[in-house]
Amino acid sequence: MPGSIVLFVTYLGFVVRRIWARRRMLLGSFLGATLVTALLVVLPLYEASVSAVDLLFTFRQAPDASVNLQAISSTTAYTPAGADAARGAVAASAAPIAAWYPTIEERTLSREYLFVPLGNPDWLGLAEEWRRAGGEASGETAPYPSPPQEATQTRFITAPDIGERIELLEGELLDQQDPSSMEEPILRVVLGEAVATLTRLGVGDRVVLRGFTSLPAVFEMVEVSGIARPIDPTAALWANTSPQDLVMISEASFDLWSGSFGVADAEIDPWLRTTRGLQRVQTGQTFSLSLDREAVRLENVEVLARGVTGFTRSVAQSEGIRTITQLPALIGEFDVRKVVFGAPILAMLALIVAGALYFLIYMAGLALEQEAAELSLLRMRGATPWQTTGLHLMQSLLIAVGAMIVAPVVARAMVSVTGRIPPMSTLTGGEPLTVASGRSIIPFVVAGGVLTFVSMGLAILPIARRSVLELRAIASRPARRSIWQRYNLDLFLVVIAGVILFELRQQGIVDTDSADIGLDPFSIAAPALFLFSGALLLLRVLPWILKGIGWLMTRTKGMTAALPGWHLGRNPIPYGRLALLVWLTTGFGAFALTYAATLESSYADRALYAAGADARIVAEGAAYLTVPDGAVGSPVFRGVGAPRLAPRGAELLAVDPETFPSVLGWRGDFGAATAEDAFGPGVLGGRADWGVELPAGVTSIGVDGLLIPEPWAERERSGPQDPVRLLARLVDERGRFRVHAADVSFTDEGWSTVSIDLSGVTALSGPLPDAESLVLQAVWVERDGGPGAAVDAGRVLVDAWLAISPGGSESIQSQVDAELSAQSNLRLERVDGTAAADVFFDQIPPGVPIPNAAERAASRYWRDGRVAQWTIPSATRGQPVPHLRHIPEQRLEFVLDSEAARTAGLGVGSEALFGVEAVTVSGVVTGVVELIPTTGDERLTGVLVTRLDGLLLRMSAQPSWSFTGTIARSPLPEELWIDTDAPNDVVRIVLTELGAEPDEVITANGVSADFSSRPIQVGLVSILLIGTGAGVVLALAGVTGYVLVAVRRRYREMGVLRALGFRRRSVAGTFALEQVVVLGVGAIVGVAAGIGLMRLMIPFLQLGEEAEDLVPPAIMQIATGRLVLYLVVVAALLVLAVLASTRSVSARRLSEVLREVER
Amino acid sequence: MSNLVIEIENVIKIHKQGALEVVALQGLDFEVQQGEFVVIVGRSGSGKSSLLQIIGGMDKPSAGKVSVAGMDLTSPLGADILTHFRRNVGFLWQDFTRNLVPYLKAIANVELPMLLAGVSSKRRRQRSKALLEVTDLLNRTYAKVNVLSGGEQQRLALCVALSLGPRLLLADEPTGELDTERSLQVYDLLRHLCNEGGLTVVAVTHDVALTGRADRVMHLQDGVFRTDVGARHKRAVDIAKDGTIRIPTELLAEGMMGTTAVAEVVHEGILLNRGGSDA
């Protein structure tokens, strides 16, 4: 072997022996190096693993529409060959993703066809006539069936397995209908149940189906062979269709009929057409690929994502087939989330790495101090500074290489084990997290090795050229000021941290301006730099703190406290490193705990903001459901409004000021101290004045009235007028509208008394529970059913309004006269009660004796006194209902959010017109707040909140015609906000009462759980826990190492104390107390620094899942309880470490100690 | 060529401890010939260690001139200090841990300075074995340091100090932790090396026995060599009828007396001089 190699091997052997001899001390360095490298390796591993879990989670939780694929081949002229080509292309392209999308469901859906009934007009009869008249030869165009104005639309649907996907209610689905083999070609189809009912077609009936835009002669008369409904309406086959409205035929039949075919004998066709068939059917051939979610695994999820992209590209290239999938969007959202939430994860890891790195440098420094005596010896024996430096570097290299070998294993174990511990275990089911391995970790391993080697190696620099005597001094005396202070590196770091802070303030933590959301690399290093530079700066203050504490301790009587106090006060500088280690540890711990608490609180706040209350149910009829005892419900109307009638709308919430504040999830920084201050009756006003309040217990309303008849002679000729029925709209105590009709109609045959039953079941607007109290809001008349106008022009006399209850009746005439005014061209006037008689007896039929006054007065048209006369214009169903209604006087109160206020230029006290839904109301702004829960629609500008009853009163201005069809519903709130401690139970009970599927149910707990169960967020919490745990371990190792070194260094002092008569335990206690004071100072300052760091970082953490600003913004939460617990645990562990380390003092005999002193 | 190994002229050494200045050496003049065995005695704080560190090149004098083996140690040394450590001087300290690397075997300790100096492995091995043989440690060649006795460790330390063949050996209380028998072994070895190998030895000690082996004993007090030791330490002693005189041990140490002396009748009485059969 060449001499240099031998020399190297000899040196290497020497270094190995050296490492082995110092293994205990170097174990700390090895631990630090391994941890730093492992944490660096964890960066890609953990991020990849957590990302993979998150992606899996995303796939598993996403709705079908987001993960399923729909490949659509659209054509303007369906051909079986084209369909086969598309089928083949899809099958070939789907092969690579068959593991996840095992089945392909196919369907072909045509464009719209119109039903042309054969009966009205009689198209076959017309055709027969045309044929008899000579057909084409007559020069008249054939009377091809044309659709009626309101023709029913349908589409053809077919699929390879259509027969298995429908349940035939009657008839059959014919498989292969070959027109060429039919004597009289006719297509037999199966109708969806709903369309069959609508068109009143049954099996055997014939109807013409004509393409929406087809030529006049292109249509087919089809025969209904069956009526069916889908077996599973939710199946992908029926996606985006209403299956009950479709025409279903077998695929073979569709293939045969979708083109054109010639008819040998034109006479067969009523219109003498020689070419038949549906011809050039525009179709969409849809291939649905449903994701088998169970097949999605961590290890293949990215392959799947790539496979879907490949499928999309492949089918597009081969047959121009477009793929509909939200998968790219889903993955895009995931990518954004990965950046947004990856940033804190990376920042935390960087913080941990920085901490571990400091620990490494710290341990390397300690080890070097221990080695100083040996270095001195080597130098004395002729070693050059380069040789001693080389030895140290070789030692560092060996440790770094060892760390590089062990770190990947440790990193994999660390990542893997996070799957077993909460909170990640809730996602993985307690299974270890699958670690994505690969060469990607190599750069991180190398980086870790280099970093640790340099960190350890750097420790030699300050002493590399020290003389033999100086090295001896280092071995026996602790270091003076740290290198950071000596060269003002701490100030330099503070300046850098300040610059980064400024940069971050300018740009934010994530660059959301560019198309691709990117992470600002500064942001990753920022927390670490802040904490580290802050800690270094505080290091300058530490001596003064320790001097102060030392002075206080020397005031005590006992020597056990006075001695350490004297020591601390005399030379506090050497304690800096220990204090720094502890406050970096506790600083990170405090930061992590504060961060986790803030995150948790932010999730809860965001969830409550999204839900509005503990629970929110959105469904028609949900707003007024009864909530169980202990819970509070409040109806909320949601719509669109416009302050100052601005063109761009604002979100509108109409709420009940009595109950809304008690259910609303509110935070003091939303713009008012409490929800009551923001939306209570003091701001939004009291109950609305709806109209005529009926007495309690009222069950019906009695009214006298008649239709003023034509003059007698005229009436004899034209007959009686159509009777009109009186309708009334009332509002119950909960603000619900109800429309009731009189039992009998007013006629022109004389005065009659009608009764309006007010029981809930009789409400035309839908059955309701009986009301506790009712307010009469509007009344009007309608003609009884039948064709024609909704009401004819005429005059109605009305009198004697009575509220009838079981206890008797009470006149409400005066209130009706006072509260209800004429609207929509109805003219109201007070007339003499004889008006009807006057008209009737104005023209007496010939031959009838003219009645005298007494006879007139005794007639059924006569009434004494003044009565109300309604002059009603003729109105069709499309025109507003002429009616009497209560018109509110006062302005409606509005609370605006700051955006709406700013945009509209309104402030508290401003009066303006507001557009609310389709109504313009006069309003006054009574409050402005910053944020209003459940809002945030980006398409709208700002939010308006107003009183529910006041809004409904104004929005329900127009009663709607009822007898001519389904009664038009009055706008009603559809949201029920609930305050409860048991949201799930309450929601279940309320939904049972609702008895229908709600549109949406949101609970704050559910939303919060959804936020916090996101794997990537769970990962963040996990990393905080890992960091906190690692910090404590490092601190323990560091403190133990420090105390051991310090004890050895101070044998002389201890020996003197022992010789002076101090007991062994007292000496140890004195020494331990000194360390504990330093640790205590370090811990307290560390907690303050951690919280301070969080305060600095909070503006940069206001990003949601899609890189949007957090609404509401996160507020820093100091988890006092957890912090105290953490401090107690850390303090206990560190004190134990100190006591265990100082045992070496107390356990030794005086003679041994003195012998050490002699040396 | 001069035969002087050490030439010290008017050397002053002032230690600074904060604002406090302590004068360790006050204008010291000192010369040592090649092959001479010089013992320096003195109380703690007399400047012995400072003098040894200056001669060893580990420290510089505040003023004056120091030349060791022709190398001026007061000039800016730079890399020459390395030559000084490797060629001129070997160190032997009282504390074993300052002499030996505890985790290395005996031979590895001896080889270490040669390894650092780039001596080939073959020569290292030969030289080490030779030194171990001279010090009667050949049978402990591959023993670890911590299994060696105190005397063996100190002899091993001597091997290490001499491994690069220095002209000068500086010893600071070399037998401080040894019993008398082992101390004598070390002294004899040193004496032998001076006589046979031409090694120059400067030793600092309190050990009276060692002074008896020295060619010259220098008394250092308050940073200067004293020549009026006898004048300051007169003590009345009793003479028994059989002629036996009991001299107090501190007086013997002050006078650096060995185990025998030469009695000479002078006109003031009888003068005891160092020397005799063991000189």
# chains A, B, ... in the order shown; residues from 1 in each chain; ligands from 1
$ interface_residues --of "chain B" --to "chain A" --cutoff "7 Å" --atoms "only C-alpha atoms" --output "list in words"
Met58, Leu82, Phe85, Arg86, Asp95, Arg98, Asn99, Tyr103, Pro113, Leu116 and Ala117 of chain B
$ write_last_selection --atoms "C-alpha atoms" --output "tab-separated table (two decimals), in the first residue's frame"
chain	number	residue	atom	x	y	z
B	58	MET	CA	4.58	27.12	25.12
B	82	LEU	CA	6.44	22.99	15.58
B	85	PHE	CA	8.23	20.65	19.72
B	86	ARG	CA	9.26	17.95	17.28
B	95	ASP	CA	-0.14	14.24	35.63
B	98	ARG	CA	-1.12	15.21	30.39
B	99	ASN	CA	1.47	12.82	29.09
B	103	TYR	CA	-7.43	5.28	25.02
B	113	PRO	CA	4.37	12.00	18.05
B	116	LEU	CA	2.18	13.38	13.71
B	117	ALA	CA	5.69	14.14	12.47
$ residues_around --residues "Asp72 of chain B" --least-positions-apart "3" --cutoff "12 Å" --atoms "only C-alpha atoms" --output "list in words"
Val5, Ile6, Glu7, Ile8, Glu9, Ile54, Ile55, Gly56, Gly57, Lys60, Pro61, Gly64, Lys65, Val66, Ser67, Val68, Ala69, Ser75, Pro76, Leu77, Gly78, Asp80, Ile81, Thr83, His84 and Asn88 of chain B
$ write_last_selection --atoms "N, CA and C atoms" --output "tab-separated table (two decimals), in the first residue's frame"
chain	number	residue	atom	x	y	z
B	5	VAL	N	22.65	24.27	25.29
B	5	VAL	CA	21.30	23.91	24.80
B	5	VAL	C	20.31	25.01	25.18
B	6	ILE	N	20.49	25.57	26.36
B	6	ILE	CA	19.58	26.63	26.79
B	6	ILE	C	20.39	27.85	27.13
B	7	GLU	N	19.98	29.00	26.56
B	7	GLU	CA	20.60	30.27	26.92
B	7	GLU	C	19.47	31.25	27.25
B	8	ILE	N	19.46	31.68	28.46
B	8	ILE	CA	18.41	32.61	28.88
B	8	ILE	C	19.08	33.85	29.43
B	9	GLU	N	18.68	34.99	28.88
B	9	GLU	CA	19.28	36.24	29.32
B	9	GLU	C	18.22	37.22	29.76
B	54	ILE	N	8.33	28.64	29.18
B	54	ILE	CA	9.07	29.50	28.24
B	54	ILE	C	10.13	28.68	27.51
B	55	ILE	N	10.84	27.85	28.28
B	55	ILE	CA	11.85	27.00	27.63
B	55	ILE	C	11.19	26.03	26.67
B	56	GLY	N	9.97	25.55	27.06
B	56	GLY	CA	9.27	24.60	26.22
B	56	GLY	C	8.66	25.21	24.99
B	57	GLY	N	8.65	26.55	24.94
B	57	GLY	CA	8.07	27.21	23.75
B	57	GLY	C	6.58	27.36	23.84
B	60	LYS	N	5.70	32.82	25.93
B	60	LYS	CA	6.78	33.73	25.55
B	60	LYS	C	7.11	34.63	26.73
B	61	PRO	N	8.38	35.00	26.88
B	61	PRO	CA	8.72	35.92	27.96
B	61	PRO	C	8.22	37.33	27.64
B	64	GLY	N	13.46	39.93	27.47
B	64	GLY	CA	14.65	39.08	27.57
B	64	GLY	C	14.79	38.16	26.38
B	65	LYS	N	15.82	37.33	26.43
B	65	LYS	CA	16.13	36.48	25.30
B	65	LYS	C	16.15	35.03	25.73
B	66	VAL	N	15.53	34.20	24.94
B	66	VAL	CA	15.51	32.77	25.25
B	66	VAL	C	15.94	32.03	23.99
B	67	SER	N	16.96	31.21	24.10
B	67	SER	CA	17.41	30.41	22.97
B	67	SER	C	17.50	28.97	23.43
B	68	VAL	N	16.82	28.07	22.69
B	68	VAL	CA	16.87	26.65	23.03
B	68	VAL	C	17.35	25.90	21.80
B	69	ALA	N	18.40	25.16	21.97
B	69	ALA	CA	19.02	24.40	20.87
B	69	ALA	C	19.25	25.29	19.66
B	75	SER	N	11.74	35.35	19.13
B	75	SER	CA	11.37	35.94	17.84
B	75	SER	C	10.00	35.41	17.45
B	76	PRO	N	9.33	36.11	16.51
B	76	PRO	CA	8.04	35.57	16.04
B	76	PRO	C	8.27	34.18	15.45
B	77	LEU	N	7.68	33.18	16.04
B	77	LEU	CA	8.07	31.81	15.72
B	77	LEU	C	7.37	31.24	14.50
B	78	GLY	N	6.12	31.51	14.42
B	78	GLY	CA	5.39	30.91	13.30
B	78	GLY	C	5.49	29.41	13.37
B	80	ASP	N	7.99	27.59	13.34
B	80	ASP	CA	9.17	27.05	14.01
B	80	ASP	C	8.85	26.39	15.35
B	81	ILE	N	7.77	26.83	15.95
B	81	ILE	CA	7.40	26.24	17.24
B	81	ILE	C	7.17	24.74	17.07
B	83	THR	N	8.76	22.86	14.90
B	83	THR	CA	10.09	22.24	14.85
B	83	THR	C	10.64	22.10	16.26
B	84	HIS	N	10.37	23.13	17.06
B	84	HIS	CA	10.82	23.11	18.44
B	84	HIS	C	10.22	21.92	19.19
B	88	ASN	N	13.38	19.65	19.30
B	88	ASN	CA	14.21	20.15	20.40
B	88	ASN	C	13.80	19.66	21.77
$ select_by_dssp --residues "segment 688-922 of chain A" --states "helix (DSSP H, G or I)" --output "short mmCIF file (atom, residue, chain, number, x, y, z; two decimals) with N, CA, C and O atoms, in the first residue's frame"
data_model
loop_
_atom_site.label_atom_id
_atom_site.label_comp_id
_atom_site.auth_asym_id
_atom_site.auth_seq_id
_atom_site.Cartn_x
_atom_site.Cartn_y
_atom_site.Cartn_z
N TRP A 712 -131.70 44.29 -13.75
CA TRP A 712 -132.59 43.11 -13.79
C TRP A 712 -132.88 42.69 -15.22
O TRP A 712 -132.74 41.53 -15.60
N ALA A 713 -133.23 43.64 -16.05
CA ALA A 713 -133.60 43.31 -17.43
C ALA A 713 -132.40 42.72 -18.17
O ALA A 713 -132.50 41.73 -18.90
N GLU A 714 -131.23 43.34 -17.95
CA GLU A 714 -130.01 42.86 -18.60
C GLU A 714 -129.66 41.46 -18.13
O GLU A 714 -129.25 40.59 -18.90
N ARG A 715 -129.83 41.28 -16.83
CA ARG A 715 -129.48 39.98 -16.22
C ARG A 715 -130.36 38.87 -16.78
O ARG A 715 -129.92 37.74 -16.94
N GLU A 716 -131.58 39.24 -17.05
CA GLU A 716 -132.50 38.25 -17.61
C GLU A 716 -131.98 37.76 -18.95
O GLU A 716 -132.09 36.59 -19.30
N ARG A 717 -131.39 38.69 -19.69
CA ARG A 717 -130.88 38.33 -21.02
C ARG A 717 -129.54 37.59 -20.94
O ARG A 717 -129.34 36.56 -21.54
N SER A 718 -128.59 38.15 -20.14
CA SER A 718 -127.23 37.59 -20.16
C SER A 718 -126.98 36.53 -19.09
O SER A 718 -125.97 35.83 -19.10
N GLY A 760 -105.53 25.34 10.24
CA GLY A 760 -104.30 25.17 9.46
C GLY A 760 -104.45 24.22 8.29
O GLY A 760 -103.88 24.42 7.22
N VAL A 761 -105.23 23.18 8.47
CA VAL A 761 -105.33 22.17 7.40
C VAL A 761 -106.02 22.71 6.17
O VAL A 761 -105.91 22.14 5.08
N THR A 762 -106.79 23.77 6.32
CA THR A 762 -107.54 24.28 5.17
C THR A 762 -106.74 25.30 4.35
O THR A 762 -107.22 25.79 3.35
N GLN A 813 -114.51 45.13 11.55
CA GLN A 813 -114.80 46.00 10.42
C GLN A 813 -113.93 47.26 10.43
O GLN A 813 -113.33 47.62 9.43
N SER A 814 -113.87 47.88 11.60
CA SER A 814 -113.14 49.15 11.65
C SER A 814 -111.65 48.95 11.37
O SER A 814 -111.02 49.74 10.67
N GLN A 815 -111.12 47.84 11.90
CA GLN A 815 -109.70 47.59 11.65
C GLN A 815 -109.44 47.32 10.17
O GLN A 815 -108.45 47.79 9.60
N VAL A 816 -110.33 46.56 9.56
CA VAL A 816 -110.17 46.26 8.14
C VAL A 816 -110.21 47.57 7.33
O VAL A 816 -109.38 47.80 6.45
N ASP A 817 -111.17 48.41 7.69
CA ASP A 817 -111.27 49.68 6.98
C ASP A 817 -110.00 50.53 7.16
O ASP A 817 -109.54 51.19 6.23
N ALA A 818 -109.46 50.45 8.36
CA ALA A 818 -108.30 51.31 8.66
C ALA A 818 -106.98 50.75 8.11
O ALA A 818 -106.12 51.50 7.65
N GLU A 819 -106.82 49.45 8.16
CA GLU A 819 -105.50 48.86 7.89
C GLU A 819 -105.30 48.45 6.42
O GLU A 819 -104.18 48.45 5.92
N ALA A 835 -126.58 50.24 -3.08
CA ALA A 835 -125.97 50.35 -4.42
C ALA A 835 -126.37 49.18 -5.31
O ALA A 835 -126.69 49.36 -6.49
N ALA A 836 -126.36 47.98 -4.76
CA ALA A 836 -126.67 46.81 -5.58
C ALA A 836 -128.14 46.82 -5.99
O ALA A 836 -128.48 46.56 -7.16
N ALA A 837 -128.99 47.17 -5.04
CA ALA A 837 -130.42 47.20 -5.33
C ALA A 837 -130.72 48.28 -6.37
O ALA A 837 -131.51 48.07 -7.31
N ASP A 838 -129.98 49.40 -6.21
CA ASP A 838 -130.19 50.50 -7.16
C ASP A 838 -129.89 50.05 -8.59
O ASP A 838 -130.64 50.35 -9.52
N VAL A 839 -128.80 49.33 -8.73
CA VAL A 839 -128.43 48.87 -10.07
C VAL A 839 -129.45 47.84 -10.57
O VAL A 839 -129.92 47.89 -11.70
N PHE A 840 -129.77 46.88 -9.71
CA PHE A 840 -130.63 45.77 -10.11
C PHE A 840 -132.02 46.26 -10.56
O PHE A 840 -132.55 45.82 -11.59
N ALA A 853 -140.66 51.05 -3.02
CA ALA A 853 -139.51 51.23 -2.12
C ALA A 853 -139.43 50.14 -1.07
O ALA A 853 -138.34 49.63 -0.75
N ALA A 854 -140.60 49.79 -0.57
CA ALA A 854 -140.59 48.76 0.48
C ALA A 854 -140.13 47.42 -0.09
O ALA A 854 -139.36 46.69 0.54
N GLU A 855 -140.60 47.17 -1.30
CA GLU A 855 -140.20 45.91 -1.92
C GLU A 855 -138.71 45.91 -2.22
O GLU A 855 -138.02 44.91 -2.04
N ARG A 856 -138.20 47.07 -2.64
CA ARG A 856 -136.76 47.19 -2.89
C ARG A 856 -135.97 46.95 -1.61
O ARG A 856 -134.98 46.23 -1.58
N ALA A 857 -136.46 47.56 -0.57
CA ALA A 857 -135.74 47.44 0.71
C ALA A 857 -135.77 46.02 1.24
O ALA A 857 -134.87 45.60 1.98
N SER A 898 -69.13 46.11 6.09
CA SER A 898 -68.36 47.29 5.71
C SER A 898 -68.19 47.40 4.20
O SER A 898 -68.17 48.50 3.65
N GLU A 899 -68.13 46.24 3.53
CA GLU A 899 -67.96 46.28 2.07
C GLU A 899 -69.19 46.90 1.40
O GLU A 899 -69.08 47.77 0.53
N ALA A 900 -70.37 46.43 1.83
CA ALA A 900 -71.60 46.97 1.25
C ALA A 900 -71.73 48.45 1.59
O ALA A 900 -72.12 49.26 0.74
N ALA A 901 -71.39 48.80 2.84
CA ALA A 901 -71.50 50.20 3.25
C ALA A 901 -70.56 51.07 2.43
O ALA A 901 -70.94 52.15 1.97
N ARG A 902 -69.35 50.55 2.25
CA ARG A 902 -68.35 51.33 1.52
C ARG A 902 -68.76 51.47 0.05
O ARG A 902 -68.71 52.55 -0.52
N THR A 903 -69.18 50.35 -0.55
CA THR A 903 -69.54 50.38 -1.96
C THR A 903 -70.72 51.32 -2.21
O THR A 903 -70.74 52.05 -3.20
N ALA A 904 -71.70 51.29 -1.31
CA ALA A 904 -72.89 52.09 -1.53
C ALA A 904 -72.76 53.48 -0.92
O ALA A 904 -73.65 54.32 -1.11
#
$ residues_around --residues "segment 165-174 of chain B" --least-positions-apart "3" --cutoff "6 Å" --atoms "only C-alpha atoms" --output "PyMOL selection string"
chain B and resi 87-94+162+199-205
$ write_last_selection --atoms "N, CA, C and O atoms" --output "short mmCIF file (atom, residue, chain, number, x, y, z; two decimals), in the first residue's frame"
data_model
loop_
_atom_site.label_atom_id
_atom_site.label_comp_id
_atom_site.auth_asym_id
_atom_site.auth_seq_id
_atom_site.Cartn_x
_atom_site.Cartn_y
_atom_site.Cartn_z
N ARG B 87 11.62 18.58 17.39
CA ARG B 87 13.05 18.24 17.37
C ARG B 87 13.77 18.55 18.68
O ARG B 87 14.68 17.85 19.07
N ASN B 88 13.38 19.65 19.30
CA ASN B 88 14.21 20.15 20.40
C ASN B 88 13.80 19.66 21.77
O ASN B 88 14.64 19.46 22.63
N VAL B 89 12.50 19.53 21.95
CA VAL B 89 12.07 19.39 23.33
C VAL B 89 11.05 18.27 23.50
O VAL B 89 10.21 18.03 22.65
N GLY B 90 11.21 17.58 24.59
CA GLY B 90 10.22 16.60 25.00
C GLY B 90 9.71 16.97 26.38
O GLY B 90 10.45 17.57 27.17
N PHE B 91 8.45 16.65 26.63
CA PHE B 91 7.85 17.05 27.90
C PHE B 91 7.47 15.84 28.73
O PHE B 91 6.98 14.85 28.22
N LEU B 92 7.68 16.01 30.01
CA LEU B 92 7.26 14.96 30.96
C LEU B 92 6.60 15.67 32.13
O LEU B 92 7.24 16.46 32.82
N TRP B 93 5.28 15.39 32.27
CA TRP B 93 4.52 16.09 33.32
C TRP B 93 4.20 15.15 34.45
O TRP B 93 4.25 13.94 34.33
N GLN B 94 3.80 15.78 35.55
CA GLN B 94 3.44 14.99 36.73
C GLN B 94 2.16 14.18 36.48
O GLN B 94 2.07 13.02 36.81
N LEU B 162 10.41 11.19 24.47
CA LEU B 162 11.68 11.02 23.78
C LEU B 162 11.53 10.41 22.39
O LEU B 162 12.52 10.18 21.69
N LEU B 199 21.35 13.46 26.39
CA LEU B 199 20.10 14.21 26.57
C LEU B 199 20.30 15.27 27.64
O LEU B 199 20.95 15.03 28.64
N THR B 200 19.74 16.42 27.39
CA THR B 200 19.77 17.48 28.40
C THR B 200 18.44 17.42 29.14
O THR B 200 17.38 17.33 28.51
N VAL B 201 18.48 17.46 30.45
CA VAL B 201 17.25 17.39 31.24
C VAL B 201 17.15 18.61 32.13
O VAL B 201 18.11 18.95 32.83
N VAL B 202 16.00 19.26 32.05
CA VAL B 202 15.71 20.32 33.02
C VAL B 202 14.44 19.89 33.74
O VAL B 202 13.40 19.71 33.12
N ALA B 203 14.58 19.67 35.04
CA ALA B 203 13.44 19.16 35.80
C ALA B 203 13.09 20.12 36.90
O ALA B 203 13.96 20.73 37.52
N VAL B 204 11.80 20.25 37.12
CA VAL B 204 11.30 21.05 38.24
C VAL B 204 10.77 20.06 39.25
O VAL B 204 10.02 19.15 38.91
N THR B 205 11.21 20.19 40.49
CA THR B 205 10.77 19.19 41.48
C THR B 205 10.89 19.71 42.89
O THR B 205 11.56 20.70 43.17
#
$ closest_residue --among "A:Leu578, A:Ala295, A:Leu1034, A:Val987" --to "Gly28 of chain A" --atoms "only C-alpha atoms"
A:Leu1034
$ residues_around --residues "Ile245 of chain B" --least-positions-apart "5" --cutoff "12 Å" --atoms "only C-alpha atoms" --output "tab-separated table (two decimals) with N, CA and C atoms, in the first residue's frame"
chain	number	residue	atom	x	y	z
B	236	ALA	N	20.03	26.01	64.22
B	236	ALA	CA	20.88	25.33	65.22
B	236	ALA	C	20.50	23.87	65.29
B	237	VAL	N	21.44	23.00	65.24
B	237	VAL	CA	21.15	21.57	65.34
B	237	VAL	C	21.99	20.97	66.48
B	238	ASP	N	21.46	19.87	66.99
B	238	ASP	CA	22.17	19.21	68.10
B	238	ASP	C	23.14	18.17	67.57
B	239	ILE	N	24.34	18.11	68.25
B	239	ILE	CA	25.33	17.08	67.86
B	239	ILE	C	25.41	16.08	69.02
B	240	ALA	N	25.08	14.83	68.69
B	240	ALA	CA	25.13	13.80	69.73
B	240	ALA	C	26.58	13.46	70.06
B	263	ALA	N	31.77	15.99	54.37
B	263	ALA	CA	32.04	16.88	55.50
B	263	ALA	C	33.44	17.46	55.38
B	270	ILE	N	32.55	22.78	60.60
B	270	ILE	CA	32.42	21.71	59.60
B	270	ILE	C	31.34	22.13	58.59
B	272	LEU	N	28.92	20.90	55.39
B	272	LEU	CA	28.43	19.73	54.66
B	272	LEU	C	28.16	20.12	53.22
